[in-house]
file target_24.cif (mmCIF, C-alpha atoms and all ligand atoms)
data_entry
#
loop_
_atom_site.label_atom_id
_atom_site.label_comp_id
_atom_site.auth_asym_id
_atom_site.auth_seq_id
_atom_site.Cartn_x
_atom_site.Cartn_y
_atom_site.Cartn_z
CA MET A 1316 58.35 -84.79 122.03
CA THR A 1317 59.65 -86.70 119.00
CA VAL A 1318 59.21 -90.43 119.27
CA SER A 1319 62.12 -92.29 117.76
CA ARG A 1320 60.82 -94.77 115.18
CA GLY A 1321 62.48 -98.08 114.65
CA VAL A 1322 63.93 -100.78 116.83
CA GLN A 1323 66.88 -99.97 119.08
CA ALA A 1324 68.23 -103.22 120.50
CA ARG A 1325 71.29 -103.67 122.68
CA PHE A 1326 71.81 -107.13 124.18
CA ARG A 1327 74.49 -109.16 125.89
CA CYS A 1328 74.11 -112.75 127.01
CA SER A 1329 76.14 -115.94 126.90
CA PHE A 1330 75.79 -119.70 126.87
CA GLY A 1331 79.10 -121.45 127.61
CA ALA A 1332 81.56 -120.29 124.99
CA PHE A 1333 78.91 -118.49 122.89
CA ARG A 1334 78.43 -114.78 123.58
CA LEU A 1335 75.82 -112.56 121.95
CA ASP A 1336 76.85 -108.90 121.91
CA VAL A 1337 74.83 -106.64 119.60
CA ASP A 1338 73.89 -103.00 119.38
CA LEU A 1339 71.43 -102.28 116.56
CA ASP A 1340 69.29 -99.41 115.36
CA LEU A 1341 66.84 -100.82 112.81
CA PRO A 1342 64.16 -99.19 110.62
CA GLY A 1343 60.59 -98.79 111.87
CA SER A 1344 59.04 -100.52 108.84
CA GLY A 1345 60.01 -102.87 106.03
CA VAL A 1346 61.86 -106.18 106.21
CA THR A 1347 65.18 -106.39 108.04
CA ALA A 1348 66.90 -109.69 107.24
CA LEU A 1349 69.07 -111.30 109.92
CA PHE A 1350 71.55 -113.33 107.93
CA GLY A 1351 74.49 -115.50 108.89
CA HIS A 1352 75.82 -119.04 109.37
CA SER A 1353 74.10 -121.57 111.56
CA GLY A 1354 74.84 -120.89 115.23
CA CYS A 1355 75.79 -117.22 114.78
CA GLY A 1356 73.02 -116.10 117.14
CA LYS A 1357 70.08 -115.04 114.94
CA THR A 1358 67.42 -116.95 116.88
CA THR A 1359 68.95 -115.93 120.20
CA LEU A 1360 68.65 -112.29 119.14
CA LEU A 1361 64.96 -112.75 118.20
CA ARG A 1362 64.34 -114.49 121.53
CA CYS A 1363 65.97 -111.58 123.41
CA ILE A 1364 63.67 -109.18 121.53
CA ALA A 1365 60.63 -111.31 122.32
CA GLY A 1366 61.59 -111.40 126.01
CA LEU A 1367 61.98 -115.19 125.87
CA GLN A 1368 65.73 -115.06 126.50
CA PRO A 1369 66.94 -113.06 129.50
CA ALA A 1370 69.79 -110.71 128.52
CA ASP A 1371 71.42 -107.52 129.74
CA GLY A 1372 70.62 -104.53 127.61
CA ALA A 1373 67.85 -102.33 126.36
CA LEU A 1374 65.10 -102.47 123.76
CA THR A 1375 62.86 -99.76 122.33
CA VAL A 1376 60.27 -100.48 119.63
CA ASN A 1377 58.89 -97.46 117.78
CA GLY A 1378 59.35 -95.25 120.82
CA GLU A 1379 58.11 -97.73 123.46
CA THR A 1380 60.61 -99.10 125.95
CA TRP A 1381 60.32 -102.86 126.34
CA GLN A 1382 63.53 -103.33 128.27
CA ASP A 1383 65.84 -100.95 130.07
CA GLY A 1384 68.52 -102.56 132.17
CA SER A 1385 66.86 -104.95 134.55
CA ARG A 1386 63.35 -103.55 133.95
CA SER A 1387 61.85 -105.76 131.29
CA LEU A 1388 58.28 -106.15 130.03
CA PRO A 1389 57.12 -109.76 130.31
CA VAL A 1390 56.57 -111.59 127.01
CA HIS A 1391 52.77 -111.27 127.04
CA GLN A 1392 52.95 -107.47 127.40
CA ARG A 1393 55.15 -107.04 124.31
CA SER A 1394 53.05 -106.24 121.27
CA LEU A 1395 54.74 -108.64 118.89
CA ALA A 1396 53.98 -111.71 116.82
CA TYR A 1397 56.43 -114.55 116.25
CA VAL A 1398 56.22 -116.87 113.23
CA PHE A 1399 58.43 -119.96 113.34
CA GLN A 1400 59.59 -122.55 110.83
CA GLU A 1401 56.61 -124.76 111.64
CA THR A 1402 54.07 -122.75 113.55
CA SER A 1403 51.33 -125.03 114.81
CA LEU A 1404 47.68 -124.20 114.20
CA PHE A 1405 44.89 -125.45 116.47
CA PRO A 1406 44.10 -128.79 114.78
CA HIS A 1407 40.48 -128.91 115.93
CA LEU A 1408 39.61 -125.41 114.63
CA SER A 1409 38.88 -124.38 111.03
CA VAL A 1410 41.11 -121.77 109.37
CA ARG A 1411 38.49 -119.10 110.13
CA ARG A 1412 38.37 -120.02 113.81
CA ASN A 1413 42.18 -120.23 113.99
CA LEU A 1414 42.31 -116.68 112.61
CA ASN A 1415 39.59 -115.44 114.93
CA TYR A 1416 41.34 -116.86 117.97
CA GLY A 1417 43.86 -114.02 118.35
CA PHE A 1418 41.76 -111.40 116.56
CA ARG A 1419 38.86 -111.55 119.05
CA ARG A 1420 41.23 -110.98 121.97
CA ILE A 1421 42.34 -107.59 120.63
CA PRO A 1422 40.00 -104.75 121.67
CA GLU A 1423 38.39 -103.18 118.61
CA ALA A 1424 40.03 -99.81 119.24
CA ARG A 1425 43.49 -101.43 119.10
CA ARG A 1426 42.98 -103.43 115.90
CA GLN A 1427 45.30 -102.24 113.17
CA VAL A 1428 44.73 -105.11 110.74
CA GLY A 1429 41.17 -106.09 109.81
CA PHE A 1430 40.09 -109.73 109.39
CA ASP A 1431 39.27 -109.32 105.69
CA GLN A 1432 42.52 -107.42 105.13
CA ALA A 1433 44.67 -110.24 106.53
CA VAL A 1434 42.65 -112.86 104.61
CA SER A 1435 43.17 -110.93 101.40
CA TRP A 1436 46.90 -110.25 101.92
CA LEU A 1437 47.56 -113.95 102.48
CA GLY A 1438 45.06 -115.20 99.85
CA LEU A 1439 42.98 -117.27 102.29
CA ASP A 1440 39.39 -116.56 101.13
CA HIS A 1441 38.88 -120.03 99.67
CA LEU A 1442 40.47 -121.79 102.65
CA LEU A 1443 38.47 -120.29 105.53
CA ASP A 1444 36.31 -123.37 106.15
CA ARG A 1445 39.13 -125.92 105.79
CA MET A 1446 40.58 -127.81 108.75
CA PRO A 1447 44.38 -127.48 109.21
CA GLU A 1448 45.02 -131.16 108.37
CA ARG A 1449 43.76 -130.48 104.84
CA LEU A 1450 46.17 -127.61 104.17
CA SER A 1451 49.51 -127.83 102.36
CA GLY A 1452 52.64 -126.71 104.23
CA GLY A 1453 52.65 -123.38 102.38
CA GLU A 1454 48.94 -122.76 103.08
CA ARG A 1455 49.48 -123.59 106.75
CA GLN A 1456 52.28 -121.03 106.97
CA ARG A 1457 50.08 -118.41 105.28
CA VAL A 1458 47.37 -119.06 107.89
CA ALA A 1459 49.98 -118.83 110.67
CA ILE A 1460 51.21 -115.49 109.32
CA ALA A 1461 47.65 -114.11 108.99
CA ARG A 1462 46.85 -115.28 112.51
CA ALA A 1463 49.97 -113.49 113.78
CA LEU A 1464 49.00 -110.26 111.99
CA LEU A 1465 45.47 -110.34 113.37
CA THR A 1466 46.88 -109.74 116.84
CA SER A 1467 47.84 -106.26 115.47
CA PRO A 1468 51.47 -106.49 116.60
CA ASP A 1469 53.86 -103.54 116.67
CA LEU A 1470 56.67 -105.89 115.60
CA LEU A 1471 56.66 -109.08 113.53
CA LEU A 1472 59.43 -111.64 114.13
CA MET A 1473 59.84 -114.38 111.51
CA ASP A 1474 62.36 -117.15 112.15
CA GLU A 1475 63.07 -119.03 108.90
CA PRO A 1476 59.35 -119.13 108.08
CA LEU A 1477 59.92 -120.90 104.75
CA SER A 1478 62.62 -123.39 105.62
CA ALA A 1479 60.24 -126.32 106.14
CA LEU A 1480 58.66 -125.79 102.70
CA ASP A 1481 59.66 -127.35 99.38
CA ALA A 1482 61.05 -125.15 96.62
CA ARG A 1483 57.69 -124.78 94.83
CA SER A 1484 55.83 -123.76 98.01
CA LYS A 1485 58.58 -121.25 98.84
CA GLN A 1486 58.16 -119.73 95.41
CA ASP A 1487 54.35 -119.62 95.81
CA ILE A 1488 54.40 -117.89 99.20
CA MET A 1489 56.88 -115.17 98.20
CA PRO A 1490 54.37 -112.78 96.55
CA TYR A 1491 52.31 -112.82 99.78
CA LEU A 1492 55.39 -111.86 101.80
CA GLU A 1493 56.16 -109.09 99.31
CA THR A 1494 52.62 -107.76 99.80
CA LEU A 1495 53.16 -107.69 103.56
CA ARG A 1496 56.50 -105.95 103.18
CA ASP A 1497 54.89 -103.26 101.03
CA SER A 1498 51.68 -102.91 103.07
CA LEU A 1499 52.54 -103.24 106.75
CA ALA A 1500 53.67 -100.17 108.65
CA ILE A 1501 55.53 -102.18 111.31
CA PRO A 1502 59.09 -103.55 111.37
CA ILE A 1503 59.51 -107.17 110.27
CA LEU A 1504 62.65 -108.99 111.45
CA TYR A 1505 63.21 -111.96 109.18
CA VAL A 1506 65.79 -114.67 109.92
CA SER A 1507 67.00 -116.52 106.84
CA HIS A 1508 69.90 -118.55 105.50
CA SER A 1509 68.73 -118.07 101.94
CA THR A 1510 70.35 -115.42 99.78
CA ALA A 1511 67.40 -115.71 97.37
CA GLU A 1512 64.87 -114.85 100.11
CA VAL A 1513 67.01 -111.98 101.35
CA ALA A 1514 67.52 -110.62 97.83
CA ARG A 1515 63.82 -110.66 97.14
CA LEU A 1516 62.35 -109.50 100.43
CA ALA A 1517 64.78 -107.46 102.49
CA ASP A 1518 65.06 -103.68 102.60
CA HIS A 1519 67.73 -103.76 105.28
CA ILE A 1520 70.22 -106.44 106.26
CA VAL A 1521 72.08 -107.43 109.40
CA MET A 1522 74.93 -109.89 108.87
CA MET A 1523 75.92 -111.77 112.04
CA ASP A 1524 78.94 -113.89 112.85
CA ASN A 1525 79.74 -115.56 116.16
CA GLY A 1526 77.24 -113.51 118.18
CA GLN A 1527 78.30 -110.15 116.69
CA VAL A 1528 77.05 -107.89 113.91
CA VAL A 1529 79.68 -107.75 111.15
CA ALA A 1530 77.74 -105.63 108.65
CA GLU A 1531 74.46 -103.79 108.70
CA GLY A 1532 72.59 -101.26 106.58
CA PRO A 1533 70.18 -100.77 103.66
CA LEU A 1534 70.31 -103.84 101.41
CA GLN A 1535 71.43 -102.09 98.24
CA GLN A 1536 74.33 -100.16 99.79
CA THR A 1537 75.41 -102.96 102.11
CA LEU A 1538 75.64 -105.61 99.37
CA ALA A 1539 77.76 -103.14 97.38
CA ARG A 1540 80.51 -103.07 100.02
CA THR A 1541 83.85 -104.01 98.53
CA ASP A 1542 85.02 -105.74 101.72
CA GLN A 1543 82.35 -108.42 101.17
CA PRO A 1544 81.49 -109.26 104.78
CA PHE A 1545 78.83 -111.70 103.53
CA GLY A 1546 81.26 -114.27 102.18
CA LEU A 1547 79.09 -114.60 99.08
CA GLU A 1548 82.11 -115.23 96.83
CA GLU A 1549 80.70 -116.15 93.39
CA ASP A 1550 77.31 -114.65 94.35
CA ALA A 1551 78.76 -111.25 95.25
CA GLY A 1552 76.82 -108.53 93.48
CA VAL A 1553 74.18 -105.87 93.87
CA ILE A 1554 70.40 -105.82 94.11
CA MET A 1555 68.40 -102.83 92.92
CA ASP A 1556 64.82 -101.76 92.46
CA ALA A 1557 63.84 -100.76 88.94
CA VAL A 1558 60.74 -99.92 86.90
CA ILE A 1559 59.92 -101.27 83.45
CA GLY A 1560 60.11 -98.11 81.33
CA GLN A 1561 59.63 -99.52 77.83
CA ARG A 1562 58.99 -102.76 75.98
CA ASP A 1563 60.59 -103.46 72.63
CA GLU A 1564 58.30 -105.97 70.96
CA GLN A 1565 60.44 -106.37 67.85
CA TRP A 1566 63.45 -107.69 69.79
CA HIS A 1567 61.56 -109.11 72.78
CA LEU A 1568 63.34 -106.88 75.25
CA CYS A 1569 62.23 -104.55 77.99
CA ARG A 1570 64.02 -101.65 79.58
CA ALA A 1571 64.41 -101.58 83.36
CA ASP A 1572 65.01 -98.01 84.55
CA PHE A 1573 66.94 -97.48 87.78
CA ASP A 1574 68.21 -94.38 89.55
CA GLY A 1575 71.16 -93.57 87.27
CA GLY A 1576 70.58 -95.53 84.09
CA HIS A 1577 68.79 -98.46 82.52
CA LEU A 1578 69.35 -102.11 81.68
CA TRP A 1579 67.71 -104.17 78.94
CA LEU A 1580 66.20 -107.50 79.94
CA ARG A 1581 64.73 -110.37 77.96
CA ASP A 1582 60.97 -109.84 77.71
CA ASP A 1583 59.11 -113.09 78.30
CA ASP A 1584 55.70 -111.37 78.18
CA THR A 1585 55.28 -111.36 81.94
CA LEU A 1586 56.35 -107.76 82.49
CA ASP A 1587 54.26 -104.62 82.01
CA THR A 1588 55.33 -101.04 81.50
CA GLY A 1589 55.37 -99.29 84.88
CA GLN A 1590 55.87 -102.55 86.81
CA ARG A 1591 58.33 -102.43 89.71
CA ILE A 1592 60.90 -105.21 89.78
CA ARG A 1593 64.01 -106.12 91.74
CA VAL A 1594 67.08 -107.11 89.76
CA GLN A 1595 70.40 -108.66 90.66
CA VAL A 1596 73.66 -107.98 88.85
CA LEU A 1597 76.57 -110.18 89.90
CA ALA A 1598 80.08 -108.76 90.19
CA ARG A 1599 81.43 -111.47 87.88
CA ASP A 1600 79.00 -110.40 85.14
CA ILE A 1601 80.41 -106.89 84.74
CA SER A 1602 83.47 -105.96 82.73
CA ILE A 1603 84.80 -102.47 82.11
CA ALA A 1604 85.64 -100.62 78.89
CA LEU A 1605 87.28 -97.21 78.63
CA SER A 1606 85.20 -96.22 75.61
CA GLN A 1607 81.74 -97.00 74.31
CA LEU A 1608 82.58 -99.99 72.16
CA THR A 1609 79.70 -100.35 69.75
CA GLU A 1610 80.90 -103.45 67.93
CA GLN A 1611 80.31 -105.98 70.63
CA SER A 1612 77.40 -108.19 71.61
CA THR A 1613 76.60 -107.00 75.13
CA GLN A 1614 73.16 -105.35 75.23
CA ASN A 1615 73.95 -103.34 78.27
CA LEU A 1616 76.59 -100.64 78.22
CA VAL A 1617 76.11 -98.34 81.17
CA PRO A 1618 78.22 -95.22 81.83
CA ALA A 1619 79.55 -95.14 85.39
CA THR A 1620 82.23 -93.65 87.60
CA ILE A 1621 84.75 -95.77 89.50
CA ASP A 1622 84.21 -95.20 93.20
CA GLU A 1623 86.67 -97.59 94.83
CA ILE A 1624 89.11 -100.36 93.90
CA ALA A 1625 89.73 -102.92 96.63
CA ALA A 1626 91.49 -106.22 97.15
CA ASP A 1627 89.28 -109.23 96.52
CA LEU A 1628 89.15 -112.64 98.17
CA SER A 1629 91.92 -113.97 95.92
CA PRO A 1630 95.08 -112.06 94.98
CA GLY A 1631 94.50 -112.38 91.21
CA THR A 1632 91.21 -110.44 91.30
CA SER A 1633 90.09 -107.01 92.47
CA MET A 1634 86.67 -105.72 93.50
CA VAL A 1635 85.74 -102.46 91.82
CA ARG A 1636 82.77 -100.40 93.00
CA LEU A 1637 81.18 -98.16 90.41
CA MET A 1638 78.38 -95.61 90.63
CA ALA A 1639 75.83 -95.13 87.85
CA GLY A 1640 74.04 -92.07 89.18
CA ASN A 1641 73.09 -93.00 92.73
CA THR A 1642 73.18 -96.73 92.12
CA PRO A 1643 76.24 -98.74 93.17
CA PHE A 1644 77.55 -101.72 91.18
CA LEU A 1645 80.37 -104.16 91.89
CA ALA A 1646 82.66 -105.58 89.23
CA ARG A 1647 85.08 -108.41 89.89
CA LEU A 1648 88.02 -107.91 87.53
CA THR A 1649 91.40 -109.54 87.23
CA SER A 1650 94.02 -107.43 88.95
CA ARG A 1651 95.90 -107.48 85.65
CA SER A 1652 92.97 -105.75 83.89
CA VAL A 1653 92.85 -103.09 86.61
CA HIS A 1654 96.57 -102.49 86.04
CA THR A 1655 96.48 -102.66 82.23
CA LEU A 1656 93.54 -100.24 81.95
CA SER A 1657 95.12 -98.01 84.67
CA LEU A 1658 91.75 -97.84 86.44
CA GLN A 1659 91.50 -95.16 89.13
CA PRO A 1660 88.77 -93.91 91.47
CA GLY A 1661 86.94 -90.97 89.87
CA GLN A 1662 87.46 -92.26 86.32
CA ARG A 1663 84.48 -92.34 83.90
CA VAL A 1664 84.13 -95.74 82.23
CA TRP A 1665 81.56 -97.98 80.53
CA MET A 1666 80.24 -101.04 82.32
CA GLN A 1667 79.48 -104.00 80.09
CA VAL A 1668 76.76 -105.88 81.95
CA LYS A 1669 76.62 -109.44 80.63
CA SER A 1670 73.70 -110.73 82.66
CA VAL A 1671 70.84 -109.26 84.68
CA ALA A 1672 68.48 -111.46 86.69
CA ILE A 1673 65.02 -110.55 87.93
CA VAL A 1674 64.90 -111.65 91.54
CA ASP A 1675 61.85 -113.90 91.73
N1 LIG A 1701 69.27 -122.31 125.50
C1 LIG A 1701 70.52 -122.49 125.08
N2 LIG A 1701 71.41 -123.11 125.88
C2 LIG A 1701 72.70 -123.28 125.48
N3 LIG A 1701 73.18 -122.87 124.29
C3 LIG A 1701 72.33 -122.27 123.46
C4 LIG A 1701 70.96 -122.04 123.80
N4 LIG A 1701 70.36 -121.41 122.76
C5 LIG A 1701 71.31 -121.25 121.80
N5 LIG A 1701 72.47 -121.76 122.23
C6 LIG A 1701 73.76 -121.71 121.48
O1 LIG A 1701 73.93 -120.35 121.10
C7 LIG A 1701 74.48 -120.27 119.80
C8 LIG A 1701 73.57 -119.44 118.90
O2 LIG A 1701 72.39 -120.17 118.62
P1 LIG A 1701 71.21 -119.60 117.71
O3 LIG A 1701 70.13 -120.63 117.70
O4 LIG A 1701 70.88 -118.25 118.16
O5 LIG A 1701 71.92 -119.50 116.27
P2 LIG A 1701 71.26 -119.28 114.84
O6 LIG A 1701 72.13 -118.31 114.13
O7 LIG A 1701 69.83 -118.93 114.99
O8 LIG A 1701 71.41 -120.72 114.21
P3 LIG A 1701 70.50 -121.48 113.09
O9 LIG A 1701 70.64 -120.68 111.84
O10 LIG A 1701 71.11 -122.83 113.00
O11 LIG A 1701 69.08 -121.49 113.63
C9 LIG A 1701 74.68 -121.69 119.32
O12 LIG A 1701 76.03 -122.05 119.61
C10 LIG A 1701 73.72 -122.49 120.18
O13 LIG A 1701 74.17 -123.81 120.35
#

call {"tool": "encode", "arguments": {"input": "target_24.cif", "output": "structure tokens"}}
result
Amino acid sequence: MTVSRGVQARFRCSFGAFRLDVDLDLPGSGVTALFGHSGCGKTTLLRCIAGLQPADGALTVNGETWQDGSRSLPVHQRSLAYVFQETSLFPHLSVRRNLNYGFRRIPEARRQVGFDQAVSWLGLDHLLDRMPERLSGGERQRVAIARALLTSPDLLLMDEPLSALDARSKQDIMPYLETLRDSLAIPILYVSHSTAEVARLADHIVMMDNGQVVAEGPLQQTLARTDQPFGLEEDAGVIMDAVIGQRDEQWHLCRADFDGGHLWLRDDDTLDTGQRIRVQVLARDISIALSQLTEQSTQNLVPATIDEIAADLSPGTSMVRLMAGNTPFLARLTSRSVHTLSLQPGQRVWMQVKSVAIVD
């Protein structure tokens, strides 16, 4: 029998005028971001998955049925961990004893994450003998995440885990979350309001509005939709994974290779050849030329094919999706330029990419 990987979640519930109605089939590993305005139902969805919020529907996690109609596993029988905005640690226990609390309760045969492994992923070696009152907010959250992992969950739910932290602490904790994303073999559902967090961490995205899913899919393809369900306006653009293929020491540049081309970035001596990075290219930073203009200052001229031309949020502009190999890009152009250049789907053009940002 083939076990279907991933999370299949179908829920309906309502509170007064608010109604949650979702039907999702999410990947069995990696970070799925739940994104949307305040009150759209993200936390309610996580609570339904955790079994904390009664709802009609069904839930299967990596082949195991947790809910099917009215038959529903109680919360304590669901193998999941839940990390909140401000997860409380036991104040009278050291970090080590906080971590051991859940770990010891898991029979050895069921442990999927070792104590030392969790300590290393979250960088806690030097904090093990500290009491929680002597930890910073970011350190406390790292302990809370490690403690959650040490229960060897089959699913990790994170509800705005960084929102109580200041900007610096958010920045500091990000590499630890990236390590988890790349190391854990379980699905992580991550609620966030922050486009920066989503851009950096997510592999998959679910955009919610008023209790419903309005867009969903792999991050790269979903952000490249021309109908822009995310309402990102000026921040509309694509995210892609790339590898540093070459460094040009004379001009302090490095070449980021992606599936279908490359982009040159400023080299500030922090990048190594072979390093994997995530980059963002905004739709407003791409213009289109019909030929390879060599006498211009843009570093990045990338050959691409026009895939689709769609109406944009305002009538004076159009959203153009282009493909460079298998990688989609969006360009926001004036509708007059689209007309003057007679742009058409299928046409080969040159993208002039004015700015590329490394997402971190
Ligand atoms: N227990 C409850 N009783 C009544 N209404 C509730 C309850 N829980 C949530 N709601 C309502 O359901 C809607 C969705 O709330 P939810 O907390 O899921 O949104 P959210 O997207 O997580 O918001 P935020 O980003 O602000 O945390 C809101 O209108 C909220 O007021």

call {"tool": "closest_residue", "arguments": {"input": "target_24.cif", "among": "A:Leu1616, A:Val1521, A:Val1398, A:Leu1437", "to": "Arg1362 in chain A", "atoms": "all atoms listed in the file"}}
result
A:Val1398

call {"tool": "atom_distance", "arguments": {"input": "target_24.cif", "atom1": "atom N1 of ligand LIG 1701 (chain A)", "atom2": "CA of Ser1478 in chain A"}}
result
21.0 Å

call {"tool": "closest_residue", "arguments": {"input": "target_24.cif", "among": "A:Ala1459, A:Leu1450, A:Val1428, A:Met1473", "to": "ligand LIG 1701 (chain A)", "atoms": "only C-alpha atoms and all ligand atoms"}}
result
A:Met1473

call {"tool": "closest_residue", "arguments": {"input": "target_24.cif", "among": "A:Val1506, A:Ile1559, A:Leu1495, A:Leu1341", "to": "ligand LIG 1701 (chain A)", "atoms": "all atoms listed in the file"}}
result
A:Val1506

call {"tool": "residues_around", "arguments": {"input": "target_24.cif", "residues": "Gly1372 in chain A", "least_positions_apart": "6", "cutoff": "12 Å", "atoms": "all atoms listed in the file", "output": "PDB file with C-alpha atoms, in the coordinates of the input"}}
result
ATOM      1  CA  GLN A1323      66.880 -99.970 119.080  1.00  0.00           C
ATOM      2  CA  ALA A1324      68.230-103.220 120.500  1.00  0.00           C
ATOM      3  CA  ARG A1325      71.290-103.670 122.680  1.00  0.00           C
ATOM      4  CA  PHE A1326      71.810-107.130 124.180  1.00  0.00           C
ATOM      5  CA  ARG A1327      74.490-109.160 125.890  1.00  0.00           C
ATOM      6  CA  CYS A1328      74.110-112.750 127.010  1.00  0.00           C
ATOM      7  CA  LEU A1335      75.820-112.560 121.950  1.00  0.00           C
ATOM      8  CA  ASP A1336      76.850-108.900 121.910  1.00  0.00           C
ATOM      9  CA  VAL A1337      74.830-106.640 119.600  1.00  0.00           C
ATOM     10  CA  ASP A1338      73.890-103.000 119.380  1.00  0.00           C
ATOM     11  CA  LEU A1339      71.430-102.280 116.560  1.00  0.00           C
ATOM     12  CA  LEU A1360      68.650-112.290 119.140  1.00  0.00           C
ATOM     13  CA  CYS A1363      65.970-111.580 123.410  1.00  0.00           C
ATOM     14  CA  ILE A1364      63.670-109.180 121.530  1.00  0.00           C
ATOM     15  CA  GLY A1366      61.590-111.400 126.010  1.00  0.00           C
ATOM     16  CA  THR A1380      60.610 -99.100 125.950  1.00  0.00           C
ATOM     17  CA  TRP A1381      60.320-102.860 126.340  1.00  0.00           C
ATOM     18  CA  GLN A1382      63.530-103.330 128.270  1.00  0.00           C
ATOM     19  CA  ASP A1383      65.840-100.950 130.070  1.00  0.00           C
ATOM     20  CA  GLY A1384      68.520-102.560 132.170  1.00  0.00           C
ATOM     21  CA  SER A1385      66.860-104.950 134.550  1.00  0.00           C
ATOM     22  CA  ARG A1386      63.350-103.550 133.950  1.00  0.00           C
ATOM     23  CA  SER A1387      61.850-105.760 131.290  1.00  0.00           C
TER      24      SER A1387
END

call {"tool": "residues_near_ligand", "arguments": {"input": "target_24.cif", "ligand": "ligand LIG 1701 (chain A)", "cutoff": "6 Å", "atoms": "all atoms listed in the file", "output": "list in words"}}
result
Phe1330, Phe1333, His1352, Ser1353, Gly1354, Cys1355, Gly1356, Lys1357, Thr1358 and Thr1359 of chain A

call {"tool": "closest_residue", "arguments": {"input": "target_24.cif", "among": "A:Gly1589, A:Pro1502, A:Pro1422, A:Pro1544", "to": "Leu1470 in chain A", "atoms": "all atoms listed in the file"}}
result
A:Pro1502

call {"tool": "closest_residue", "arguments": {"input": "target_24.cif", "among": "A:Gly1526, A:Pro1476, A:Gly1552, A:Gly1576", "to": "Arg1334 in chain A", "atoms": "all atoms listed in the file"}}
result
A:Gly1526

call {"tool": "residues_around", "arguments": {"input": "target_24.cif", "residues": "Arg1570 in chain A", "least_positions_apart": "3", "cutoff": "8 Å", "atoms": "all atoms listed in the file", "output": "NGL selection string"}}
result
:A and (1559-1563 or 1577-1580)

call {"tool": "atom_distance", "arguments": {"input": "target_24.cif", "atom1": "CA of Val1617 in chain A", "atom2": "CA of Ala1514 in chain A"}}
result
22.4 Å

call {"tool": "axis_aligned_box", "arguments": {"input": "target_24.cif", "around": "range 1647-1658 of chain A", "padding_each_side": "3 Å", "output": "lines of an AutoDock Vina configuration file"}}
result
center_x = 90.8
center_y = -103.7
center_z = 85.9
size_x = 17.5
size_y = 17.7
size_z = 13.9

call {"tool": "closest_residue", "arguments": {"input": "target_24.cif", "among": "A:Leu1568, A:Leu1637, A:Leu1499, A:Val1390", "to": "Asp1584 in chain A", "atoms": "only C-alpha atoms"}}
result
A:Leu1568

call {"tool": "residues_near_point", "arguments": {"input": "target_24.cif", "point": "(73.1, -110.5, 82.0)", "cutoff": "8 Å", "atoms": "all atoms listed in the file", "output": "list in words"}}
result
Leu1580, Val1596, Asp1600, Val1668, Lys1669, Ser1670, Val1671 and Ala1672 of chain A

call {"tool": "closest_atom_pairs", "arguments": {"input": "target_24.cif", "of": "range 1434-1553 of chain A", "to": "range 1410-1413 of chain A", "cutoff": "8 Å", "atoms": "all atoms listed in the file", "output": "Markdown table"}}
result
| residue | atom | partner | partner_atom | distance |
| --- | --- | --- | --- | --- |
| A:Leu1442 | CA | A:Val1410 | CA | 6.8 |
| A:Leu1443 | CA | A:Arg1411 | CA | 4.8 |
| A:Asp1444 | CA | A:Val1410 | CA | 6.0 |
| A:Arg1445 | CA | A:Val1410 | CA | 5.8 |
| A:Met1446 | CA | A:Val1410 | CA | 6.1 |
| A:Pro1447 | CA | A:Val1410 | CA | 6.6 |
| A:Val1458 | CA | A:Val1410 | CA | 7.0 |
| A:Arg1462 | CA | A:Asn1413 | CA | 7.0 |

call {"tool": "atom_distance", "arguments": {"input": "target_24.cif", "atom1": "CA of Arg1426 in chain A", "atom2": "CA of His1407 in chain A"}}
result
25.6 Å

call {"tool": "residues_around", "arguments": {"input": "target_24.cif", "residues": "Arg1540 in chain A", "least_positions_apart": "4", "cutoff": "9 Å", "atoms": "all atoms listed in the file", "output": "PDB file with C-alpha atoms, in the frame of the given file"}}
result
ATOM      1  CA  GLN A1536      74.330-100.160  99.790  1.00  0.00           C
ATOM      2  CA  PRO A1544      81.490-109.260 104.780  1.00  0.00           C
ATOM      3  CA  ARG A1636      82.770-100.400  93.000  1.00  0.00           C
ATOM      4  CA  LEU A1645      80.370-104.160  91.890  1.00  0.00           C
TER       5      LEU A1645
END

call {"tool": "residues_around", "arguments": {"input": "target_24.cif", "residues": "Asn1641 in chain A", "least_positions_apart": "3", "cutoff": "8 Å", "atoms": "all atoms listed in the file", "output": "list in words"}}
result
Asp1574, Gly1575 and Met1638 of chain A

call {"tool": "residues_near_point", "arguments": {"input": "target_24.cif", "point": "(92.5, -108.3, 92.5)", "cutoff": "10 Å", "atoms": "only C-alpha atoms", "output": "PyMOL selection string"}}
result
chain A and resi 1624-1635+1647-1654

call {"tool": "residues_around", "arguments": {"input": "target_24.cif", "residues": "Asn1377 in chain A", "least_positions_apart": "5", "cutoff": "12 Å", "atoms": "all atoms listed in the file", "output": "ChimeraX atom specification"}}
result
/A:1317-1324,1340-1344,1394-1395,1468-1470,1500-1502
